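Listing of model.cif, mmCIF, C-alpha atoms
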data_upload
loop_
_atom_site.label_atom_id
_atom_site.label_comp_id
_atom_site.auth_asym_id
_atom_site.auth_seq_id
_atom_site.Cartn_x
_atom_site.Cartn_y
_atom_site.Cartn_z
CA MET A 1 -27.49 94.63 176.21
CA GLN A 2 -28.67 95.13 179.79
CA ASP A 3 -30.72 98.16 178.75
CA GLU A 4 -32.05 96.51 175.60
CA LEU A 5 -33.24 93.39 177.43
CA ALA A 6 -34.19 94.88 180.80
CA ASP A 7 -37.89 94.36 180.04
CA HIS A 8 -37.27 90.62 179.60
CA ASN A 9 -36.51 89.86 183.24
CA PHE A 10 -32.82 89.85 182.47
CA GLN A 11 -29.78 90.85 184.52
CA VAL A 12 -26.14 91.17 183.53
CA ILE A 13 -23.64 90.59 186.35
CA ALA A 14 -19.99 91.27 185.55
CA VAL A 15 -17.29 89.72 187.72
CA ALA A 16 -13.69 90.88 187.46
CA ILE A 17 -11.25 88.04 188.16
CA ASP A 18 -8.86 90.72 189.22
CA GLU A 19 -7.41 92.60 192.16
CA ASN A 20 -6.96 95.94 190.44
CA THR A 21 -10.11 97.90 191.23
CA GLU A 22 -8.92 101.05 189.45
CA ALA A 23 -8.10 99.19 186.23
CA VAL A 24 -11.51 97.52 186.31
CA ARG A 25 -13.21 100.84 186.99
CA GLY A 26 -11.54 102.17 183.84
CA PHE A 27 -13.45 99.60 181.73
CA MET A 28 -16.74 100.44 183.28
CA ASN A 29 -17.73 103.94 182.20
CA GLY A 30 -21.48 104.26 181.89
CA ILE A 31 -22.17 100.68 183.00
CA THR A 32 -25.44 100.27 184.90
CA TYR A 33 -25.22 96.60 185.93
CA PRO A 34 -23.28 95.30 188.96
CA VAL A 35 -19.52 94.97 188.45
CA LEU A 36 -18.08 92.72 191.14
CA MET A 37 -14.46 92.21 192.24
CA ASP A 38 -13.31 88.61 192.67
CA VAL A 39 -9.83 89.15 194.10
CA ASP A 40 -9.61 85.58 195.42
CA HIS A 41 -10.84 83.96 192.18
CA VAL A 42 -13.77 82.31 193.94
CA LEU A 43 -15.67 82.08 190.66
CA THR A 44 -12.90 80.20 188.85
CA GLU A 45 -13.08 77.51 191.51
CA LEU A 46 -16.89 77.25 191.73
CA TYR A 47 -17.48 77.29 187.96
CA ALA A 48 -14.21 75.70 186.76
CA ILE A 49 -13.14 78.77 184.78
CA SER A 50 -9.60 78.78 183.35
CA ASN A 51 -9.72 81.79 181.05
CA VAL A 52 -11.61 85.01 180.55
CA PRO A 53 -13.88 86.17 179.22
CA ALA A 54 -16.16 83.39 180.37
CA VAL A 55 -19.87 83.95 179.95
CA VAL A 56 -22.35 81.81 181.89
CA MET A 57 -26.07 81.94 181.17
CA ILE A 58 -28.21 81.12 184.21
CA ASP A 59 -31.99 80.87 183.99
CA GLU A 60 -34.78 81.89 186.38
CA HIS A 61 -34.48 78.58 188.24
CA ASP A 62 -30.71 78.80 188.89
CA THR A 63 -30.02 76.32 186.11
CA ILE A 64 -26.95 76.90 183.96
CA VAL A 65 -28.11 76.79 180.35
CA GLN A 66 -24.73 77.81 178.91
CA PRO A 67 -21.56 77.09 180.86
CA ASN A 68 -18.21 78.92 180.48
CA TRP A 69 -18.63 80.29 176.99
CA ASN A 70 -15.50 82.11 175.83
CA ALA A 71 -17.63 84.88 174.30
CA TYR A 72 -16.72 88.54 174.38
CA ALA A 73 -20.27 89.87 173.96
CA THR A 74 -18.67 93.21 173.12
CA ASP A 75 -16.45 94.45 170.30
CA THR A 76 -13.88 95.88 172.72
CA PHE A 77 -11.31 93.23 171.80
CA LYS A 78 -12.33 92.71 168.18
CA HIS A 79 -9.14 94.29 166.89
CA TYR A 80 -7.17 91.58 168.67
CA THR A 81 -9.36 88.48 168.42
CA GLY A 82 -11.00 89.14 165.08
CA ILE A 83 -14.22 87.84 166.62
CA ASP A 84 -17.37 89.82 165.86
CA SER A 85 -19.67 90.00 168.84
CA GLY A 86 -22.80 90.34 166.70
CA GLU A 87 -23.37 86.62 166.40
CA GLN A 88 -22.75 86.16 170.12
CA LEU A 89 -25.20 88.90 171.05
CA ASP A 90 -27.81 87.27 168.82
CA ILE A 91 -27.32 83.99 170.67
CA ILE A 92 -27.86 85.77 173.99
CA ARG A 93 -30.98 87.53 172.66
CA GLN A 94 -32.38 84.22 171.37
CA TRP A 95 -32.12 82.80 174.87
CA VAL A 96 -33.43 85.82 176.76
CA ILE A 97 -36.34 86.57 174.46
CA ASN A 98 -37.27 83.19 172.96
CA ASP A 99 -35.94 80.83 175.62
CA THR A 100 -33.83 78.96 173.07
CA PRO A 101 -30.34 78.35 174.46
CA MET A 102 -27.33 77.60 172.28
CA MET A 103 -26.77 74.12 173.70
CA SER A 104 -29.00 71.22 174.61
CA VAL A 105 -29.04 70.15 178.26
CA ASP A 106 -26.93 67.11 177.42
CA GLU A 107 -24.39 69.21 175.55
CA ALA A 108 -24.20 71.70 178.43
CA LYS A 109 -23.66 68.92 180.96
CA THR A 110 -20.60 67.63 179.16
CA ALA A 111 -19.23 70.94 177.85
CA VAL A 112 -16.86 71.73 180.72
CA GLY A 113 -14.41 69.31 182.29
CA ASP A 114 -13.85 69.39 186.04
CA LEU A 115 -10.73 70.94 187.54
CA SER A 116 -7.94 68.52 188.36
CA ALA A 117 -6.63 68.27 191.93
CA GLU A 118 -3.60 70.25 190.75
CA GLU A 119 -5.78 73.01 189.31
CA GLU A 120 -7.71 73.20 192.59
CA GLN A 121 -4.47 73.49 194.55
CA ALA A 122 -3.14 76.12 192.15
CA ARG A 123 -6.13 78.31 193.00
CA LEU A 124 -5.41 77.96 196.71
CA HIS A 125 -1.72 78.81 196.26
CA PHE A 126 -2.74 81.84 194.19
CA ARG A 127 -4.92 83.05 197.08
CA ILE A 128 -2.08 82.53 199.55
CA ALA A 129 0.34 84.37 197.23
CA ASN A 130 -2.01 87.30 196.90
CA HIS A 131 -2.49 87.39 200.67
CA LEU A 132 1.27 87.29 201.35
CA ARG A 133 1.82 90.01 198.77
CA GLY A 134 -0.60 92.14 200.79
CA THR A 135 1.33 91.52 204.01
CA GLY A 136 4.63 92.49 202.36
CA ASP A 137 6.02 88.92 202.30
CA HIS A 138 7.26 89.10 198.72
CA ASP A 139 9.34 85.92 198.92
CA GLY A 140 6.33 84.06 200.23
CA ALA A 141 4.17 85.51 197.46
CA ALA A 142 6.73 84.49 194.80
CA ARG A 143 6.98 80.98 196.27
CA ASN A 144 3.21 80.48 196.10
CA PHE A 145 2.83 82.08 192.66
CA ASP A 146 5.55 79.69 191.41
CA ARG A 147 3.76 76.74 192.98
CA ALA A 148 0.46 77.78 191.39
CA SER A 149 2.15 78.11 187.97
CA ALA A 150 3.70 74.67 188.24
CA LEU A 151 0.37 73.10 189.23
CA ALA A 152 -1.72 74.78 186.52
CA PRO A 153 0.66 75.78 183.71
CA HIS A 154 -2.12 76.33 181.13
CA ASP A 155 -4.60 78.19 183.28
CA TRP A 156 -4.82 81.86 182.31
CA THR A 157 -6.61 82.83 185.52
CA ILE A 158 -3.44 81.65 187.26
CA ARG A 159 -0.58 82.34 184.87
CA ARG A 160 -1.65 85.58 183.27
CA ALA A 161 -3.53 86.94 186.26
CA MET A 162 -0.37 86.82 188.35
CA MET A 163 1.71 88.82 185.85
CA PRO A 164 0.69 92.29 187.02
CA LEU A 165 0.94 91.10 190.63
CA ARG A 166 4.59 90.14 190.00
CA GLY A 167 5.49 93.31 188.15
CA GLU A 168 5.28 91.61 184.74
CA ASP A 169 3.44 93.01 181.75
CA PRO A 170 0.33 90.94 180.93
CA PHE A 171 0.47 92.37 177.40
CA GLY A 172 4.23 92.04 176.98
CA ASP A 173 6.91 89.39 176.45
CA GLU A 174 5.64 87.16 179.26
CA PHE A 175 2.20 87.10 177.67
CA PHE A 176 3.51 86.07 174.25
CA ALA A 177 5.72 83.41 175.82
CA LEU A 178 2.72 82.03 177.70
CA ALA A 179 0.55 82.16 174.57
CA ALA A 180 3.17 80.15 172.64
CA GLU A 181 3.39 77.60 175.47
CA TYR A 182 -0.40 77.37 175.55
CA ASN A 183 -0.70 76.86 171.79
CA GLU A 184 2.00 74.21 171.97
CA ALA A 185 -0.08 72.36 174.59
CA GLY A 186 -3.12 72.32 172.29
CA ARG A 187 -4.98 75.26 173.87
CA PRO A 188 -6.60 73.34 176.71
CA PHE A 189 -9.32 75.14 178.67
CA HIS A 190 -12.39 74.54 180.78
CA GLY A 191 -15.08 75.92 178.55
CA VAL A 192 -16.76 76.35 175.22
CA ALA A 193 -14.95 78.08 172.35
CA ALA A 194 -15.95 81.58 171.24
CA ARG A 195 -17.08 80.49 167.81
CA SER A 196 -20.05 78.20 167.66
CA THR A 197 -19.10 74.99 165.86
CA LYS A 198 -22.67 74.38 164.72
CA MET B 1 -24.21 84.17 202.89
CA GLN B 2 -20.44 84.02 202.63
CA ASN B 3 -18.31 82.22 200.08
CA ASP B 4 -17.17 78.81 201.18
CA VAL B 5 -13.47 79.52 200.84
CA ALA B 6 -11.10 80.44 203.64
CA LEU B 7 -7.61 81.75 204.18
CA LEU B 8 -6.16 80.94 207.59
CA GLY B 9 -3.32 83.37 208.32
CA ASP B 10 -2.20 81.67 211.54
CA GLY B 11 -1.98 78.12 210.30
CA PRO B 12 -4.34 75.19 210.14
CA MET B 13 -4.94 74.81 213.90
CA ILE B 14 -7.97 76.96 214.60
CA SER B 15 -10.41 77.63 217.42
CA VAL B 16 -13.94 76.28 217.56
CA GLN B 17 -15.08 79.85 216.96
CA ALA B 18 -12.94 80.14 213.79
CA LEU B 19 -14.32 76.80 212.60
CA HIS B 20 -17.71 78.47 212.65
CA ASP B 21 -16.69 81.94 211.45
CA ASP B 22 -14.14 81.00 208.77
CA LEU B 23 -15.23 77.56 207.62
CA GLY B 24 -18.94 77.76 208.39
CA TRP B 25 -19.24 74.56 210.45
CA GLU B 26 -19.83 73.63 214.10
CA LEU B 27 -18.42 70.78 216.11
CA LYS B 28 -21.24 68.85 217.82
CA PRO B 29 -21.47 65.47 219.54
CA GLU B 30 -23.06 64.05 216.35
CA GLY B 31 -20.32 65.39 214.07
CA LEU B 32 -19.44 68.46 212.00
CA CYS B 33 -22.69 70.31 211.47
CA ARG B 34 -24.09 73.14 209.41
CA ASP B 35 -27.79 74.00 209.35
CA ASP B 36 -29.48 70.61 209.55
CA VAL B 37 -26.63 68.68 207.93
CA CYS B 38 -24.12 66.76 210.03
CA VAL B 39 -21.06 64.88 208.78
CA LEU B 40 -19.86 61.98 210.91
CA ILE B 41 -16.31 62.26 212.22
CA PRO B 42 -14.55 58.88 211.94
CA ASP B 43 -11.52 59.95 213.98
CA ARG B 44 -12.29 62.79 216.38
CA ALA B 45 -8.82 62.71 217.95
CA ALA B 46 -7.28 63.57 214.58
CA LEU B 47 -9.63 66.51 214.18
CA GLU B 48 -9.61 67.99 217.67
CA VAL B 49 -6.16 68.34 219.18
CA GLY B 50 -5.67 70.04 222.56
CA GLY B 51 -8.88 72.05 222.27
CA GLN B 52 -8.00 73.23 218.76
CA ILE B 53 -9.40 72.07 215.43
CA ASP B 54 -7.19 70.92 212.56
CA ALA B 55 -8.65 72.75 209.58
CA MET B 56 -6.81 70.43 207.15
CA ALA B 57 -8.62 67.44 208.67
CA VAL B 58 -11.91 69.33 208.49
CA ALA B 59 -11.26 70.08 204.81
CA ALA B 60 -10.50 66.42 204.08
CA LEU B 61 -13.68 65.32 205.85
CA LEU B 62 -15.83 67.82 203.93
CA ASP B 63 -14.17 67.06 200.56
CA ARG B 64 -12.76 70.57 200.32
CA PRO B 65 -9.29 71.09 198.77
CA ALA B 66 -6.70 72.50 201.17
CA VAL B 67 -3.07 73.57 200.97
CA LEU B 68 -0.67 74.74 203.64
CA ASP B 69 2.29 76.97 202.84
CA GLN B 70 4.67 75.67 205.49
CA ALA B 71 7.11 78.58 205.43
CA SER B 72 4.50 81.28 206.12
CA GLY B 73 2.06 79.08 208.00
CA VAL B 74 -0.81 80.29 205.82
CA ALA B 75 -3.43 77.69 204.88
CA ALA B 76 -6.07 78.00 202.17
CA ILE B 77 -9.23 75.95 202.03
CA GLY B 78 -11.46 75.79 198.99
CA ALA B 79 -15.13 75.07 198.47
CA GLN B 80 -16.71 71.64 198.74
CA ARG B 81 -16.03 69.86 195.46
CA SER B 82 -19.67 68.80 195.29
CA VAL B 83 -20.68 72.43 194.65
CA ARG B 84 -18.63 72.58 191.43
CA LYS B 85 -19.68 69.04 190.54
CA ARG B 86 -23.33 70.10 190.73
CA ALA B 87 -22.54 73.05 188.46
CA LEU B 88 -20.76 70.94 185.83
CA ASP B 89 -22.81 67.74 185.93
CA ASP B 90 -26.26 68.93 187.04
CA LEU B 91 -26.07 72.54 185.82
CA GLN B 92 -27.02 74.00 189.21
CA ALA B 93 -25.49 77.47 189.43
CA PRO B 94 -23.40 77.90 192.59
CA ASP B 95 -24.33 81.02 194.55
CA PHE B 96 -21.58 83.44 195.54
CA VAL B 97 -21.25 86.85 197.14
CA LEU B 98 -18.71 89.45 196.01
CA PRO B 99 -18.22 93.19 196.55
CA ASP B 100 -18.85 95.72 193.78
CA LEU B 101 -16.40 98.53 192.98
CA ASP B 102 -17.70 100.53 195.94
CA GLY B 103 -17.50 97.59 198.34
CA THR B 104 -21.22 96.75 198.46
CA ALA B 105 -21.84 92.99 198.57
CA HIS B 106 -23.88 91.36 195.79
CA ALA B 107 -24.97 87.74 195.54
CA LEU B 108 -26.02 85.83 192.45
CA SER B 109 -29.16 84.97 194.42
CA ASP B 110 -30.02 88.69 194.77
CA HIS B 111 -31.32 88.35 191.22
CA ARG B 112 -33.10 85.03 191.62
CA SER B 113 -36.05 84.46 189.26
CA LYS B 114 -34.31 86.46 186.54
CA LYS B 115 -32.31 85.23 183.60
CA ARG B 116 -28.72 86.16 184.42
CA LEU B 117 -25.72 86.68 182.18
CA LEU B 118 -22.64 86.18 184.29
CA VAL B 119 -19.62 87.71 182.57
CA ALA B 120 -16.22 86.88 184.06
CA PHE B 121 -13.57 89.26 182.72
CA SER B 122 -10.34 90.93 183.79
CA SER B 123 -8.00 93.85 183.17
CA TRP B 124 -5.01 91.55 182.55
#
Before we go any further, please render this structure as structure tokens.
Amino acid sequence: MQDELADHNFQVIAVAIDENTEAVRGFMNGITYPVLMDVDHVLTELYAISNVPAVVMIDEHDTIVQPNWNAYATDTFKHYTGIDSGEQLDIIRQWVINDTPMMSVDEAKTAVGDLSAEEEQARLHFRIANHLRGTGDHDGAARNFDRASALAPHDWTIRRAMMPLRGEDPFGDEFFALAAEYNEAGRPFHGVAARSTK
Amino acid sequence: MQNDVALLGDGPMISVQALHDDLGWELKPEGLCRDDVCVLIPDRAALEVGGQIDAMAVAALLDRPAVLDQASGVAAIGAQRSVRKRALDDLQAPDFVLPDLDGTAHALSDHRSKKRLLVAFSSW
């Protein structure tokens, strides 16, 4: 997509909400655009992101024309999600080439709800946990991961992101337990669903 | 630029220098200042204690979320809520700076005047 649209004054910027540089590097063979590491989850605070992937379209004037779209924009996960990226890529092309975004300005302004105070605090406890993990204070890390989980129980950038940091398998039992809990809660998230409802 | 988030490893009482280096603000007679913006300090004694600055009070004054983990003494301070508010309500994209896989810093604003597709993803 970056190569296809490079002549249209277009730039892809990938941000890994992740601390595992080597795992991220493994995804990135042959990638020519910047791939950034957001160990402290700065982006999830600034943009109110609660799950990945989250795609944000930003125009030449720093205006967000599409906030937190849960689009994959690649078929990498198609076997799991059943979502074909073709339609999503067409939506991105329509915007880049023809300047026609998916949402109206009014729709975009109301598409994403703000973080609650608890969700803000969860992000801060996550940062402290990750820091304490780095200093070898594993009890302190566990205490702050637990606090973050309690404050934002349905936030994947908190709950699932901490699994590998706590020695849990983000594709194993803990993941399926979290997914069931999340479905039970009505799948709340700060963003726009993968499939366009129009 | 630097991101407006901070982790204070030695607790919330910080030096004037750390106020500038970690939180990005300066204490002046007219208030807490950054660039040409100053925020009035209603209760200076609560903010400045024995020559040190209470970062939790600074956070409250600047409308930044803050938590303190008492047992370890580590405090975390988030970004001004108004930055996210402007993103959600006014669709102004917050700038940020993050390292790439080789450690080189990149900012969203490095690509200003282009259409940008920001893709947040993860390995988990």
* **chain B contacts on chain A, all atoms listed in the file, 7 Å, as a ChimeraX atom specification** => /A:9-18,21,23-24,34-38,46-47,52-64,96,109,112,120-121,124,128,140,160-161,170
* To do: Output the residue selection produced by the PyMOL selection byres ((chain B and resi 30-38) around 12) on the file above, formatted as a ChimeraX atom specification.
  => /B:16,19-21,23-29,39-44,47-48,53,55,57-59,61-62
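In this model, the gap between atom CA of Asp7 of chain A and atom CA of Asn70 of chain A comes to 25.9 Å.
When all atoms listed in the file are used to measure the gap to Trp95 of chain A, the shortest distance among A:Met1, A:Glu19, A:Asp155, A:Val65 belongs to A:Val65.
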* Just how far from atom CA of His190 of chain A is atom CA of Asn51 of chain A, in Å to one decimal? -> 7.7 Å
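Residues with any atom within 12 Å of Ala179 of chain A, counting only C-alpha atoms and excluding same-chain neighbours fewer than 4 positions away, are Pro153, His154, Asp155, Trp156, Arg159, Arg160, Pro170, Phe171, Gly172, Asp173, Glu174, Phe175, Asn183, Glu184, Ala185, Gly186, Arg187 and Pro188 of chain A.
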* Given the file shown, enumerate the residues that the PyMOL selection byres ((chain A and resi 122) around 9) captures and present them as a PyMOL selection string. => chain A and resi 117-121+123-127+144-145+147-152+158
Show me, as AutoDock Vina command-line options, the centre and edge lengths in Å to one decimal of the axis-aligned box that covers every listed atom of segment 44-58 of chain B with 3 Å on each side.
--center_x -9.0 --center_y 68.0 --center_z 214.9 --size_x 12.6 --size_y 16.5 --size_z 21.4
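Across the model, the gap from atom CA of Leu43 of chain A to atom CA of Gln2 of chain A is 21.4 Å.
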